[in-house]
>>> print(open('entry-v6.json').read())   # JSON, C-alpha atoms and all ligand atoms
[["chain", "number", "residue", "atom", "x", "y", "z"],
["A", 1, "MET", "CA", 13.24, -4.48, -1.87],
["A", 2, "PRO", "CA", 10.12, -3.81, 0.21],
["A", 3, "ASP", "CA", 7.02, -3.61, -1.93],
["A", 4, "SER", "CA", 3.34, -3.84, -1.25],
["A", 5, "ARG", "CA", 3.14, -7.62, -1.75],
["A", 6, "GLY", "CA", 0.99, -9.17, 0.97],
["A", 7, "ALA", "CA", 1.26, -6.01, 3.06],
["A", 8, "GLU", "CA", -2.50, -5.82, 3.59],
["A", 9, "PRO", "CA", -4.25, -8.72, 5.29],
["A", 10, "PRO", "CA", -7.13, -10.15, 3.28],
["A", 11, "ASP", "CA", -10.61, -9.42, 4.58],
["A", 12, "THR", "CA", -11.15, -12.75, 6.30],
["A", 13, "THR", "CA", -11.35, -14.27, 9.77],
["A", 14, "ASP", "CA", -9.89, -17.55, 8.53],
["A", 15, "LEU", "CA", -6.60, -17.90, 10.43],
["A", 16, "ASP", "CA", -5.14, -20.38, 7.93],
["A", 17, "ARG", "CA", -5.78, -17.98, 5.07],
["A", 18, "LEU", "CA", -4.32, -15.07, 7.06],
["A", 19, "ARG", "CA", -1.23, -17.13, 7.90],
["A", 20, "SER", "CA", -0.79, -18.12, 4.29],
["A", 21, "VAL", "CA", -0.97, -14.54, 2.97],
["A", 22, "ALA", "CA", 1.24, -13.23, 5.82],
["A", 23, "SER", "CA", 3.92, -15.73, 4.78],
["A", 24, "GLY", "CA", 4.48, -13.61, 1.67],
["A", 25, "CYS", "CA", 4.30, -10.20, 3.33],
["A", 26, "HIS", "CA", 6.79, -7.62, 2.01],
["A", 27, "GLY", "CA", 5.24, -4.74, 3.94],
["A", 28, "CYS", "CA", 8.53, -3.73, 5.58],
["A", 29, "PRO", "CA", 12.17, -4.67, 4.90],
["A", 30, "LEU", "CA", 12.41, -7.26, 7.70],
["A", 31, "TYR", "CA", 11.30, -10.14, 5.45],
["A", 32, "GLN", "CA", 14.56, -9.80, 3.50],
["A", 33, "ASP", "CA", 16.85, -11.21, 6.20],
["A", 34, "ALA", "CA", 14.45, -13.25, 8.32],
["A", 35, "THR", "CA", 13.93, -16.94, 7.57],
["A", 36, "GLN", "CA", 10.15, -16.72, 7.52],
["A", 37, "THR", "CA", 7.07, -14.94, 8.80],
["A", 38, "VAL", "CA", 6.23, -16.19, 12.29],
["A", 39, "PHE", "CA", 2.46, -15.95, 12.49],
["A", 40, "GLY", "CA", 0.40, -16.47, 15.65],
["A", 41, "GLU", "CA", -0.38, -19.92, 17.04],
["A", 42, "GLY", "CA", -3.60, -21.07, 18.62],
["A", 43, "THR", "CA", -7.27, -21.49, 17.83],
["A", 44, "ALA", "CA", -9.91, -18.98, 16.83],
["A", 45, "GLY", "CA", -11.83, -19.86, 20.01],
["A", 46, "ALA", "CA", -9.05, -18.80, 22.40],
["A", 47, "LYS", "CA", -10.25, -16.57, 25.23],
["A", 48, "VAL", "CA", -6.87, -14.94, 25.69],
["A", 49, "LEU", "CA", -4.71, -13.45, 22.93],
["A", 50, "VAL", "CA", -1.11, -12.91, 23.99],
["A", 51, "VAL", "CA", 1.12, -10.43, 22.13],
["A", 52, "GLY", "CA", 4.92, -10.48, 22.32],
["A", 53, "GLU", "CA", 7.43, -8.22, 20.57],
["A", 54, "GLN", "CA", 8.84, -10.19, 17.62],
["A", 55, "PRO", "CA", 10.15, -13.70, 16.99],
["A", 56, "GLY", "CA", 13.65, -14.40, 18.28],
["A", 57, "ASP", "CA", 16.38, -16.54, 16.74],
["A", 58, "LYS", "CA", 14.74, -19.87, 17.68],
["A", 59, "GLU", "CA", 11.27, -18.74, 16.63],
["A", 60, "ASP", "CA", 12.58, -17.49, 13.27],
["A", 61, "LEU", "CA", 14.01, -20.93, 12.55],
["A", 62, "ALA", "CA", 11.04, -22.90, 13.92],
["A", 63, "GLY", "CA", 8.34, -20.66, 12.44],
["A", 64, "GLU", "CA", 6.47, -20.62, 15.76],
["A", 65, "PRO", "CA", 6.19, -17.93, 18.44],
["A", 66, "PHE", "CA", 7.72, -18.28, 21.90],
["A", 67, "VAL", "CA", 9.56, -21.59, 21.53],
["A", 68, "GLY", "CA", 12.92, -20.28, 22.84],
["A", 69, "PRO", "CA", 14.07, -19.35, 26.38],
["A", 70, "ALA", "CA", 11.49, -16.56, 26.80],
["A", 71, "GLY", "CA", 8.79, -18.99, 25.69],
["A", 72, "LYS", "CA", 9.89, -21.58, 28.26],
["A", 73, "LEU", "CA", 9.66, -18.98, 31.02],
["A", 74, "LEU", "CA", 6.28, -17.88, 29.67],
["A", 75, "ASP", "CA", 4.97, -21.47, 29.73],
["A", 76, "ARG", "CA", 6.04, -21.86, 33.35],
["A", 77, "ALA", "CA", 4.55, -18.51, 34.39],
["A", 78, "PHE", "CA", 1.26, -19.19, 32.58],
["A", 79, "ALA", "CA", 0.97, -22.58, 34.26],
["A", 80, "GLU", "CA", 1.67, -21.03, 37.67],
["A", 81, "ALA", "CA", -0.88, -18.28, 37.08],
["A", 82, "GLY", "CA", -3.52, -20.86, 36.15],
["A", 83, "PHE", "CA", -3.60, -20.41, 32.36],
["A", 84, "ASP", "CA", -3.47, -23.35, 30.00],
["A", 85, "ARG", "CA", -1.14, -22.41, 27.11],
["A", 86, "GLN", "CA", -3.15, -24.66, 24.81],
["A", 87, "ALA", "CA", -6.14, -22.36, 25.40],
["A", 88, "LEU", "CA", -4.22, -19.23, 24.39],
["A", 89, "TYR", "CA", -3.59, -17.62, 21.03],
["A", 90, "VAL", "CA", 0.03, -16.44, 21.06],
["A", 91, "THR", "CA", 1.42, -13.95, 18.57],
["A", 92, "ASN", "CA", 3.81, -11.01, 18.17],
["A", 93, "ALA", "CA", 3.47, -7.32, 17.30],
["A", 94, "VAL", "CA", 6.07, -7.80, 14.54],
["A", 95, "LYS", "CA", 6.14, -11.07, 12.66],
["A", 96, "HIS", "CA", 9.69, -11.15, 11.31],
["A", 97, "PHE", "CA", 12.91, -11.47, 13.32],
["A", 98, "LYS", "CA", 14.98, -8.26, 13.29],
["A", 99, "PHE", "CA", 18.65, -8.85, 14.03],
["A", 100, "LYS", "CA", 22.20, -7.86, 13.27],
["A", 101, "ARG", "CA", 24.91, -10.35, 12.51],
["A", 102, "GLU", "CA", 27.95, -10.60, 14.76],
["A", 103, "GLY", "CA", 30.11, -13.37, 13.35],
["A", 104, "LYS", "CA", 27.88, -16.43, 13.30],
["A", 105, "ARG", "CA", 25.47, -15.00, 15.86],
["A", 106, "ARG", "CA", 22.26, -13.16, 15.08],
["A", 107, "ILE", "CA", 21.70, -10.49, 17.71],
["A", 108, "HIS", "CA", 18.16, -9.33, 18.44],
["A", 109, "GLN", "CA", 17.35, -5.75, 17.43],
["A", 110, "LYS", "CA", 14.30, -3.97, 18.80],
["A", 111, "PRO", "CA", 11.79, -3.29, 16.03],
["A", 112, "GLY", "CA", 11.24, 0.38, 15.20],
["A", 113, "ARG", "CA", 7.93, 2.20, 15.14],
["A", 114, "THR", "CA", 7.73, 1.94, 11.33],
["A", 115, "GLU", "CA", 7.98, -1.85, 11.49],
["A", 116, "VAL", "CA", 5.45, -2.02, 14.33],
["A", 117, "VAL", "CA", 3.01, 0.15, 12.37],
["A", 118, "ALA", "CA", 3.56, -1.85, 9.18],
["A", 119, "CYS", "CA", 2.73, -5.09, 11.00],
["A", 120, "ARG", "CA", -0.22, -3.75, 13.04],
["A", 121, "PRO", "CA", -2.86, -4.66, 10.41],
["A", 122, "TRP", "CA", -1.87, -8.31, 10.88],
["A", 123, "LEU", "CA", -2.32, -8.10, 14.63],
["A", 124, "LEU", "CA", -5.74, -6.50, 14.11],
["A", 125, "ALA", "CA", -6.63, -9.24, 11.62],
["A", 126, "GLU", "CA", -5.71, -11.86, 14.25],
["A", 127, "LEU", "CA", -7.85, -10.05, 16.82],
["A", 128, "ARG", "CA", -10.77, -10.02, 14.37],
["A", 129, "ALA", "CA", -10.35, -13.76, 13.79],
["A", 130, "VAL", "CA", -9.87, -14.80, 17.43],
["A", 131, "ARG", "CA", -12.16, -12.29, 19.18],
["A", 132, "PRO", "CA", -10.55, -12.87, 22.60],
["A", 133, "ASP", "CA", -12.08, -11.80, 25.93],
["A", 134, "LEU", "CA", -8.67, -10.64, 27.13],
["A", 135, "VAL", "CA", -5.55, -9.33, 25.40],
["A", 136, "LEU", "CA", -2.28, -9.76, 27.26],
["A", 137, "LEU", "CA", 0.49, -7.44, 26.08],
["A", 138, "LEU", "CA", 4.05, -8.53, 26.87],
["A", 139, "GLY", "CA", 6.48, -5.62, 26.91],
["A", 140, "ALA", "CA", 6.39, -2.04, 25.67],
["A", 141, "THR", "CA", 6.53, -2.87, 21.95],
["A", 142, "ALA", "CA", 3.43, -5.07, 22.15],
["A", 143, "ALA", "CA", 1.60, -2.60, 24.39],
["A", 144, "GLN", "CA", 2.41, 0.41, 22.22],
["A", 145, "SER", "CA", 1.52, -1.46, 19.05],
["A", 146, "LEU", "CA", -2.05, -1.80, 20.23],
["A", 147, "LEU", "CA", -2.47, 1.09, 22.68],
["A", 148, "GLY", "CA", -0.37, 3.76, 20.94],
["A", 149, "PRO", "CA", 3.18, 5.10, 21.36],
["A", 150, "LYS", "CA", 2.31, 7.22, 24.39],
["A", 151, "PHE", "CA", 1.44, 4.19, 26.52],
["A", 152, "ARG", "CA", 3.84, 3.81, 29.45],
["A", 153, "LEU", "CA", 4.25, 0.25, 30.64],
["A", 154, "THR", "CA", 6.02, 1.21, 33.86],
["A", 155, "ALA", "CA", 3.00, 3.30, 34.93],
["A", 156, "HIS", "CA", 0.33, 0.74, 34.06],
["A", 157, "ARG", "CA", 1.71, -2.78, 34.26],
["A", 158, "GLY", "CA", -0.63, -5.41, 35.65],
["A", 159, "GLU", "CA", -3.72, -3.21, 35.58],
["A", 160, "PRO", "CA", -6.71, -3.21, 33.20],
["A", 161, "VAL", "CA", -6.07, -0.71, 30.41],
["A", 162, "GLU", "CA", -8.50, 0.76, 27.94],
["A", 163, "ALA", "CA", -7.86, 0.31, 24.24],
["A", 164, "PRO", "CA", -8.08, 3.35, 21.94],
["A", 165, "ASP", "CA", -11.30, 3.87, 19.99],
["A", 166, "ASP", "CA", -9.99, 2.38, 16.74],
["A", 167, "VAL", "CA", -9.48, -1.03, 18.36],
["A", 168, "ALA", "CA", -11.87, -0.87, 21.36],
["A", 169, "GLU", "CA", -14.35, -3.21, 19.67],
["A", 170, "LEU", "CA", -11.64, -5.86, 19.23],
["A", 171, "VAL", "CA", -10.18, -5.53, 22.73],
["A", 172, "PRO", "CA", -12.83, -6.02, 25.43],
["A", 173, "SER", "CA", -10.16, -6.02, 28.13],
["A", 174, "ALA", "CA", -6.39, -5.73, 28.12],
["A", 175, "VAL", "CA", -3.50, -5.95, 30.55],
["A", 176, "ALA", "CA", 0.13, -5.08, 29.81],
["A", 177, "THR", "CA", 3.08, -6.51, 31.67],
["A", 178, "VAL", "CA", 6.80, -6.88, 31.11],
["A", 179, "HIS", "CA", 8.27, -9.08, 28.41],
["A", 180, "PRO", "CA", 9.48, -12.49, 29.64],
["A", 181, "SER", "CA", 12.96, -11.66, 28.26],
["A", 182, "ALA", "CA", 13.10, -8.76, 30.72],
["A", 183, "VAL", "CA", 12.47, -11.26, 33.51],
["A", 184, "LEU", "CA", 15.32, -13.44, 32.20],
["A", 185, "ARG", "CA", 17.65, -10.40, 32.17],
["A", 186, "ALA", "CA", 16.56, -8.95, 35.53],
["A", 187, "PRO", "CA", 19.30, -8.67, 38.21],
["A", 188, "ASP", "CA", 16.91, -10.27, 40.70],
["A", 189, "ARG", "CA", 15.27, -12.84, 38.53],
["A", 190, "ASP", "CA", 13.18, -14.42, 41.31],
["A", 191, "ASP", "CA", 11.54, -11.12, 42.25],
["A", 192, "ALA", "CA", 10.98, -10.20, 38.61],
["A", 193, "TYR", "CA", 9.43, -13.61, 37.95],
["A", 194, "ALA", "CA", 7.12, -13.36, 40.98],
["A", 195, "ALA", "CA", 5.95, -9.89, 39.86],
["A", 196, "PHE", "CA", 5.36, -11.23, 36.33],
["A", 197, "VAL", "CA", 3.25, -14.14, 37.62],
["A", 198, "ALA", "CA", 1.32, -11.70, 39.86],
["A", 199, "ASP", "CA", 0.50, -9.60, 36.77],
["A", 200, "LEU", "CA", -0.69, -12.69, 34.88],
["A", 201, "LYS", "CA", -2.86, -13.71, 37.82],
["A", 202, "ALA", "CA", -4.38, -10.20, 38.00],
["A", 203, "ALA", "CA", -5.09, -10.40, 34.26],
["A", 204, "GLY", "CA", -6.70, -13.84, 34.65],
["A", 205, "LYS", "CA", -9.19, -12.39, 37.12],
["A", 206, "LEU", "CA", -10.66, -10.30, 34.28],
["A", 207, "LEU", "CA", -11.84, -13.45, 32.53],
["A", 208, "LYS", "CA", -15.43, -14.31, 33.28],
["A", 301, "LIG", "N1", 10.14, -12.89, 22.14],
["A", 301, "LIG", "C1", 8.96, -12.47, 21.61],
["A", 301, "LIG", "O1", 8.53, -11.35, 21.84],
["A", 301, "LIG", "N2", 8.28, -13.29, 20.85],
["A", 301, "LIG", "C2", 8.68, -14.51, 20.57],
["A", 301, "LIG", "O2", 7.97, -15.20, 19.84],
["A", 301, "LIG", "C3", 9.90, -14.93, 21.14],
["A", 301, "LIG", "C4", 10.62, -14.12, 21.92]]
>>> encode(input="entry-v6.json", output="structure tokens", more="lines below")
Ligand code: URA
Amino acid sequence: MPDSRGAEPPDTTDLDRLRSVASGCHGCPLYQDATQTVFGEGTAGAKVLVVGEQPGDKEDLAGEPFVGPAGKLLDRAFAEAGFDRQALYVTNAVKHFKFKREGKRRIHQKPGRTEVVACRPWLLAELRAVRPDLVLLLGATAAQSLLGPKFRLTAHRGEPVEAPDDVAELVPSAVATVHPSAVLRAPDRDDAYAAFVADLKAAGKLLK
């Protein structure tokens, strides 16, 4: 059953300590079926903090964010847009895989607002530890986690967006774009990919 175990991040900017406490988080029911907490990857000195939705099947098993098909596309797009993935801190709005079983398959389920809100303190703790110059939000779940549920990705993708007062200090600049899985699913994948890379390039220009 969900309980309060590990639901609150400790007051530290030590990423290893945060990761260790997050591994025991029971702040929402998702820990019950997922293999493990998938915490962010990268160094505290990263200039760019990238936020996805939640780990997928491959990430849940590996314990690392963006190692599956969406991650491969993301690597390619970051390289094309001039980012070095090694210089990024990559994480997710929700740190457990939410899925339903269909036979042997585990089918991705979009996290609900309650799960996003329950996991938000961990994202804020990562922001406090990394102190990035730029936050890149991939998809509506990531964008709404940080910017609030009224944020509309379709209206503001690829442009600088202002963070709400409660997180403004942690988010000097932010850009939201589509999730790489949406590019993989797009009917015209080439166009969707080109638009995604264009958004990443526009975001990169905000770095000093
Ligand atoms: N999709 C995400 O949003 N995050 C991952 O880590 C993998 C796929």
>>> closest_atom_pairs(input="entry-v6.json", of="chain A", to="ligand LIG 301 (chain A)", cutoff="6 Å", atoms="all atoms listed in the file", output="JSON lines")
{"residue": "A:Gly52", "atom": "CA", "partner": "A:LIG301", "partner_atom": "O1", "distance": 3.7}
{"residue": "A:Glu53", "atom": "CA", "partner": "A:LIG301", "partner_atom": "O1", "distance": 3.6}
{"residue": "A:Gln54", "atom": "CA", "partner": "A:LIG301", "partner_atom": "O1", "distance": 4.4}
{"residue": "A:Pro55", "atom": "CA", "partner": "A:LIG301", "partner_atom": "O2", "distance": 3.9}
{"residue": "A:Gly56", "atom": "CA", "partner": "A:LIG301", "partner_atom": "C4", "distance": 4.7}
{"residue": "A:Glu59", "atom": "CA", "partner": "A:LIG301", "partner_atom": "O2", "distance": 5.8}
{"residue": "A:Pro65", "atom": "CA", "partner": "A:LIG301", "partner_atom": "O2", "distance": 3.5}
{"residue": "A:Phe66", "atom": "CA", "partner": "A:LIG301", "partner_atom": "O2", "distance": 3.7}
{"residue": "A:Ala70", "atom": "CA", "partner": "A:LIG301", "partner_atom": "C4", "distance": 5.5}
{"residue": "A:Asn92", "atom": "CA", "partner": "A:LIG301", "partner_atom": "N2", "distance": 5.7}
>>> residues_near_point(input="entry-v6.json", point="(16.3, -16.0, 19.5)", cutoff="8 Å", atoms="only C-alpha atoms", output="PDB file with C-alpha atoms, in the coordinates of the input")
ATOM      1  CA  PRO A  55      10.150 -13.700  16.990  1.00  0.00           C
ATOM      2  CA  GLY A  56      13.650 -14.400  18.280  1.00  0.00           C
ATOM      3  CA  ASP A  57      16.380 -16.540  16.740  1.00  0.00           C
ATOM      4  CA  LYS A  58      14.740 -19.870  17.680  1.00  0.00           C
ATOM      5  CA  GLU A  59      11.270 -18.740  16.630  1.00  0.00           C
ATOM      6  CA  ASP A  60      12.580 -17.490  13.270  1.00  0.00           C
ATOM      7  CA  GLY A  68      12.920 -20.280  22.840  1.00  0.00           C
ATOM      8  CA  PRO A  69      14.070 -19.350  26.380  1.00  0.00           C
ATOM      9  CA  ARG A 106      22.260 -13.160  15.080  1.00  0.00           C
ATOM     10  CA  ILE A 107      21.700 -10.490  17.710  1.00  0.00           C
ATOM     11  CA  HIS A 108      18.160  -9.330  18.440  1.00  0.00           C
TER      12      HIS A 108
END
>>> residues_around(input="entry-v6.json", residues="region 170-175 of chain A", least_positions_apart="2", cutoff="9 Å", atoms="all atoms listed in the file", output="PyMOL selection string")
chain A and resi 124+127-128+131-138+143+156-163+166-168+177+199-200+202-203+206-207
>>> closest_atom_pairs(input="entry-v6.json", of="region 105-145 of chain A", to="region 26-34 of chain A", cutoff="9 Å", atoms="only C-alpha atoms", output="CSV")
residue,atom,partner,partner_atom,distance
A:Thr114,CA,A:Cys28,CA,8.1
A:Glu115,CA,A:Cys28,CA,6.2
A:Ala118,CA,A:Gly27,CA,6.2
A:Cys119,CA,A:Gly27,CA,7.5
>>> residues_around(input="entry-v6.json", residues="Arg17 (chain A)", least_positions_apart="4", cutoff="12 Å", atoms="only C-alpha atoms", output="PDB file with C-alpha atoms, in the frame of the given file")
ATOM      1  CA  GLY A   6       0.990  -9.170   0.970  1.00  0.00           C
ATOM      2  CA  PRO A   9      -4.250  -8.720   5.290  1.00  0.00           C
ATOM      3  CA  PRO A  10      -7.130 -10.150   3.280  1.00  0.00           C
ATOM      4  CA  ASP A  11     -10.610  -9.420   4.580  1.00  0.00           C
ATOM      5  CA  THR A  12     -11.150 -12.750   6.300  1.00  0.00           C
ATOM      6  CA  THR A  13     -11.350 -14.270   9.770  1.00  0.00           C
ATOM      7  CA  VAL A  21      -0.970 -14.540   2.970  1.00  0.00           C
ATOM      8  CA  ALA A  22       1.240 -13.230   5.820  1.00  0.00           C
ATOM      9  CA  SER A  23       3.920 -15.730   4.780  1.00  0.00           C
ATOM     10  CA  GLY A  24       4.480 -13.610   1.670  1.00  0.00           C
ATOM     11  CA  PHE A  39       2.460 -15.950  12.490  1.00  0.00           C
ATOM     12  CA  TRP A 122      -1.870  -8.310  10.880  1.00  0.00           C
ATOM     13  CA  ALA A 125      -6.630  -9.240  11.620  1.00  0.00           C
ATOM     14  CA  GLU A 126      -5.710 -11.860  14.250  1.00  0.00           C
ATOM     15  CA  ALA A 129     -10.350 -13.760  13.790  1.00  0.00           C
TER      16      ALA A 129
END
>>> closest_residue(input="entry-v6.json", among="A:Ala198, A:Val38, A:Ala155, A:Ala46", to="Gly63 (chain A)", atoms="only C-alpha atoms")
A:Val38
>>> closest_residue(input="entry-v6.json", among="A:Ala93, A:Ala77, A:Gly82, A:Val67", to="Asp190 (chain A)", atoms="all atoms listed in the file")
A:Ala77
>>> atom_distance(input="entry-v6.json", atom1="CA of Asp84 (chain A)", atom2="CA of Ala142 (chain A)")
21.1 Å
>>> atom_distance(input="entry-v6.json", atom1="CA of Pro121 (chain A)", atom2="CA of Leu18 (chain A)")
11.0 Å
>>> axis_aligned_box(input="entry-v6.json", around="region 190-200 of chain A", padding_each_side="3 Å", output="lines of an AutoDock Vina configuration file")
center_x = 6.2
center_y = -12.0
center_z = 38.6
size_x = 19.9
size_y = 10.8
size_z = 13.4
>>> closest_residue(input="entry-v6.json", among="A:Pro149, A:Ser181, A:Cys25, A:Leu49", to="Val94 (chain A)", atoms="all atoms listed in the file")
A:Cys25
>>> atom_distance(input="entry-v6.json", atom1="CA of Ala176 (chain A)", atom2="CA of Ser145 (chain A)")
11.4 Å
>>> closest_residue(input="entry-v6.json", among="A:His179, A:His96, A:Lys208, A:Arg185", to="Leu61 (chain A)", atoms="all atoms listed in the file")
A:His96
>>> closest_residue(input="entry-v6.json", among="A:Val48, A:Leu153, A:Ala195, A:Leu146", to="Phe83 (chain A)", atoms="all atoms listed in the file")
A:Val48
>>> closest_residue(input="entry-v6.json", among="A:Glu102, A:Glu41, A:Glu64, A:Asp16", to="Tyr89 (chain A)", atoms="all atoms listed in the file")
A:Glu41
>>> decode(input="entry-v6.json", residues="region 120-149 of chain A", atoms="N, CA and C atoms", output="PDB file, in the first residue's frame")
ATOM      1  N   ARG A 120       6.496  15.542  -8.071  1.00  0.00           N
ATOM      2  CA  ARG A 120       7.068  16.864  -8.343  1.00  0.00           C
ATOM      3  C   ARG A 120       8.167  17.271  -7.342  1.00  0.00           C
ATOM      4  N   PRO A 121       8.013  16.965  -6.039  1.00  0.00           N
ATOM      5  CA  PRO A 121       9.091  17.353  -5.117  1.00  0.00           C
ATOM      6  C   PRO A 121      10.451  16.768  -5.506  1.00  0.00           C
ATOM      7  N   TRP A 122      10.433  15.598  -6.146  1.00  0.00           N
ATOM      8  CA  TRP A 122      11.708  14.997  -6.574  1.00  0.00           C
ATOM      9  C   TRP A 122      12.307  15.755  -7.748  1.00  0.00           C
ATOM     10  N   LEU A 123      11.451  16.201  -8.649  1.00  0.00           N
ATOM     11  CA  LEU A 123      11.946  17.005  -9.774  1.00  0.00           C
ATOM     12  C   LEU A 123      12.520  18.328  -9.246  1.00  0.00           C
ATOM     13  N   LEU A 124      11.824  18.929  -8.286  1.00  0.00           N
ATOM     14  CA  LEU A 124      12.325  20.193  -7.724  1.00  0.00           C
ATOM     15  C   LEU A 124      13.647  19.965  -6.984  1.00  0.00           C
ATOM     16  N   ALA A 125      13.762  18.812  -6.322  1.00  0.00           N
ATOM     17  CA  ALA A 125      15.019  18.504  -5.624  1.00  0.00           C
ATOM     18  C   ALA A 125      16.160  18.348  -6.642  1.00  0.00           C
ATOM     19  N   GLU A 126      15.861  17.738  -7.782  1.00  0.00           N
ATOM     20  CA  GLU A 126      16.895  17.605  -8.828  1.00  0.00           C
ATOM     21  C   GLU A 126      17.281  18.983  -9.373  1.00  0.00           C
ATOM     22  N   LEU A 127      16.284  19.839  -9.551  1.00  0.00           N
ATOM     23  CA  LEU A 127      16.579  21.199 -10.032  1.00  0.00           C
ATOM     24  C   LEU A 127      17.456  21.951  -9.034  1.00  0.00           C
ATOM     25  N   ARG A 128      17.168  21.771  -7.746  1.00  0.00           N
ATOM     26  CA  ARG A 128      17.960  22.437  -6.702  1.00  0.00           C
ATOM     27  C   ARG A 128      19.397  21.922  -6.715  1.00  0.00           C
ATOM     28  N   ALA A 129      19.563  20.643  -7.020  1.00  0.00           N
ATOM     29  CA  ALA A 129      20.906  20.042  -7.013  1.00  0.00           C
ATOM     30  C   ALA A 129      21.689  20.419  -8.272  1.00  0.00           C
ATOM     31  N   VAL A 130      21.006  20.472  -9.406  1.00  0.00           N
ATOM     32  CA  VAL A 130      21.709  20.677 -10.681  1.00  0.00           C
ATOM     33  C   VAL A 130      21.833  22.169 -11.016  1.00  0.00           C
ATOM     34  N   ARG A 131      20.846  22.950 -10.660  1.00  0.00           N
ATOM     35  CA  ARG A 131      20.843  24.390 -10.961  1.00  0.00           C
ATOM     36  C   ARG A 131      21.166  24.665 -12.436  1.00  0.00           C
ATOM     37  N   PRO A 132      20.350  24.137 -13.345  1.00  0.00           N
ATOM     38  CA  PRO A 132      20.652  24.293 -14.778  1.00  0.00           C
ATOM     39  C   PRO A 132      20.393  25.729 -15.255  1.00  0.00           C
ATOM     40  N   ASP A 133      20.997  26.069 -16.398  1.00  0.00           N
ATOM     41  CA  ASP A 133      20.691  27.365 -17.031  1.00  0.00           C
ATOM     42  C   ASP A 133      19.413  27.252 -17.849  1.00  0.00           C
ATOM     43  N   LEU A 134      19.130  26.040 -18.310  1.00  0.00           N
ATOM     44  CA  LEU A 134      17.985  25.825 -19.201  1.00  0.00           C
ATOM     45  C   LEU A 134      17.279  24.518 -18.830  1.00  0.00           C
ATOM     46  N   VAL A 135      15.949  24.569 -18.800  1.00  0.00           N
ATOM     47  CA  VAL A 135      15.162  23.351 -18.570  1.00  0.00           C
ATOM     48  C   VAL A 135      14.403  23.046 -19.847  1.00  0.00           C
ATOM     49  N   LEU A 136      14.571  21.844 -20.331  1.00  0.00           N
ATOM     50  CA  LEU A 136      13.923  21.409 -21.565  1.00  0.00           C
ATOM     51  C   LEU A 136      12.841  20.409 -21.204  1.00  0.00           C
ATOM     52  N   LEU A 137      11.600  20.736 -21.535  1.00  0.00           N
ATOM     53  CA  LEU A 137      10.447  19.924 -21.120  1.00  0.00           C
ATOM     54  C   LEU A 137       9.933  19.160 -22.334  1.00  0.00           C
ATOM     55  N   LEU A 138       9.951  17.831 -22.238  1.00  0.00           N
ATOM     56  CA  LEU A 138       9.564  16.995 -23.378  1.00  0.00           C
ATOM     57  C   LEU A 138       8.153  16.459 -23.176  1.00  0.00           C
ATOM     58  N   GLY A 139       7.198  17.049 -23.872  1.00  0.00           N
ATOM     59  CA  GLY A 139       5.816  16.573 -23.797  1.00  0.00           C
ATOM     60  C   GLY A 139       5.000  17.310 -22.742  1.00  0.00           C
ATOM     61  N   ALA A 140       3.674  17.135 -22.847  1.00  0.00           N
ATOM     62  CA  ALA A 140       2.754  17.884 -21.990  1.00  0.00           C
ATOM     63  C   ALA A 140       2.888  17.501 -20.517  1.00  0.00           C
ATOM     64  N   THR A 141       3.127  16.226 -20.228  1.00  0.00           N
ATOM     65  CA  THR A 141       3.215  15.820 -18.817  1.00  0.00           C
ATOM     66  C   THR A 141       4.377  16.528 -18.139  1.00  0.00           C
ATOM     67  N   ALA A 142       5.539  16.536 -18.801  1.00  0.00           N
ATOM     68  CA  ALA A 142       6.715  17.207 -18.229  1.00  0.00           C
ATOM     69  C   ALA A 142       6.442  18.705 -18.087  1.00  0.00           C
ATOM     70  N   ALA A 143       5.887  19.296 -19.147  1.00  0.00           N
ATOM     71  CA  ALA A 143       5.656  20.746 -19.132  1.00  0.00           C
ATOM     72  C   ALA A 143       4.670  21.131 -18.032  1.00  0.00           C
ATOM     73  N   GLN A 144       3.592  20.343 -17.913  1.00  0.00           N
ATOM     74  CA  GLN A 144       2.573  20.695 -16.918  1.00  0.00           C
ATOM     75  C   GLN A 144       3.050  20.391 -15.495  1.00  0.00           C
ATOM     76  N   SER A 145       3.930  19.441 -15.358  1.00  0.00           N
ATOM     77  CA  SER A 145       4.481  19.148 -14.036  1.00  0.00           C
ATOM     78  C   SER A 145       5.162  20.387 -13.467  1.00  0.00           C
ATOM     79  N   LEU A 146       5.922  21.052 -14.312  1.00  0.00           N
ATOM     80  CA  LEU A 146       6.681  22.211 -13.829  1.00  0.00           C
ATOM     81  C   LEU A 146       5.892  23.515 -13.959  1.00  0.00           C
ATOM     82  N   LEU A 147       5.166  23.660 -15.061  1.00  0.00           N
ATOM     83  CA  LEU A 147       4.553  24.965 -15.370  1.00  0.00           C
ATOM     84  C   LEU A 147       3.087  25.055 -14.944  1.00  0.00           C
ATOM     85  N   GLY A 148       2.510  23.935 -14.545  1.00  0.00           N
ATOM     86  CA  GLY A 148       1.106  23.937 -14.100  1.00  0.00           C
ATOM     87  C   GLY A 148       0.191  23.321 -15.147  1.00  0.00           C
ATOM     88  N   PRO A 149      -0.982  22.813 -14.691  1.00  0.00           N
ATOM     89  CA  PRO A 149      -1.867  22.049 -15.578  1.00  0.00           C
ATOM     90  C   PRO A 149      -2.519  22.870 -16.682  1.00  0.00           C
TER      91      PRO A 149
END
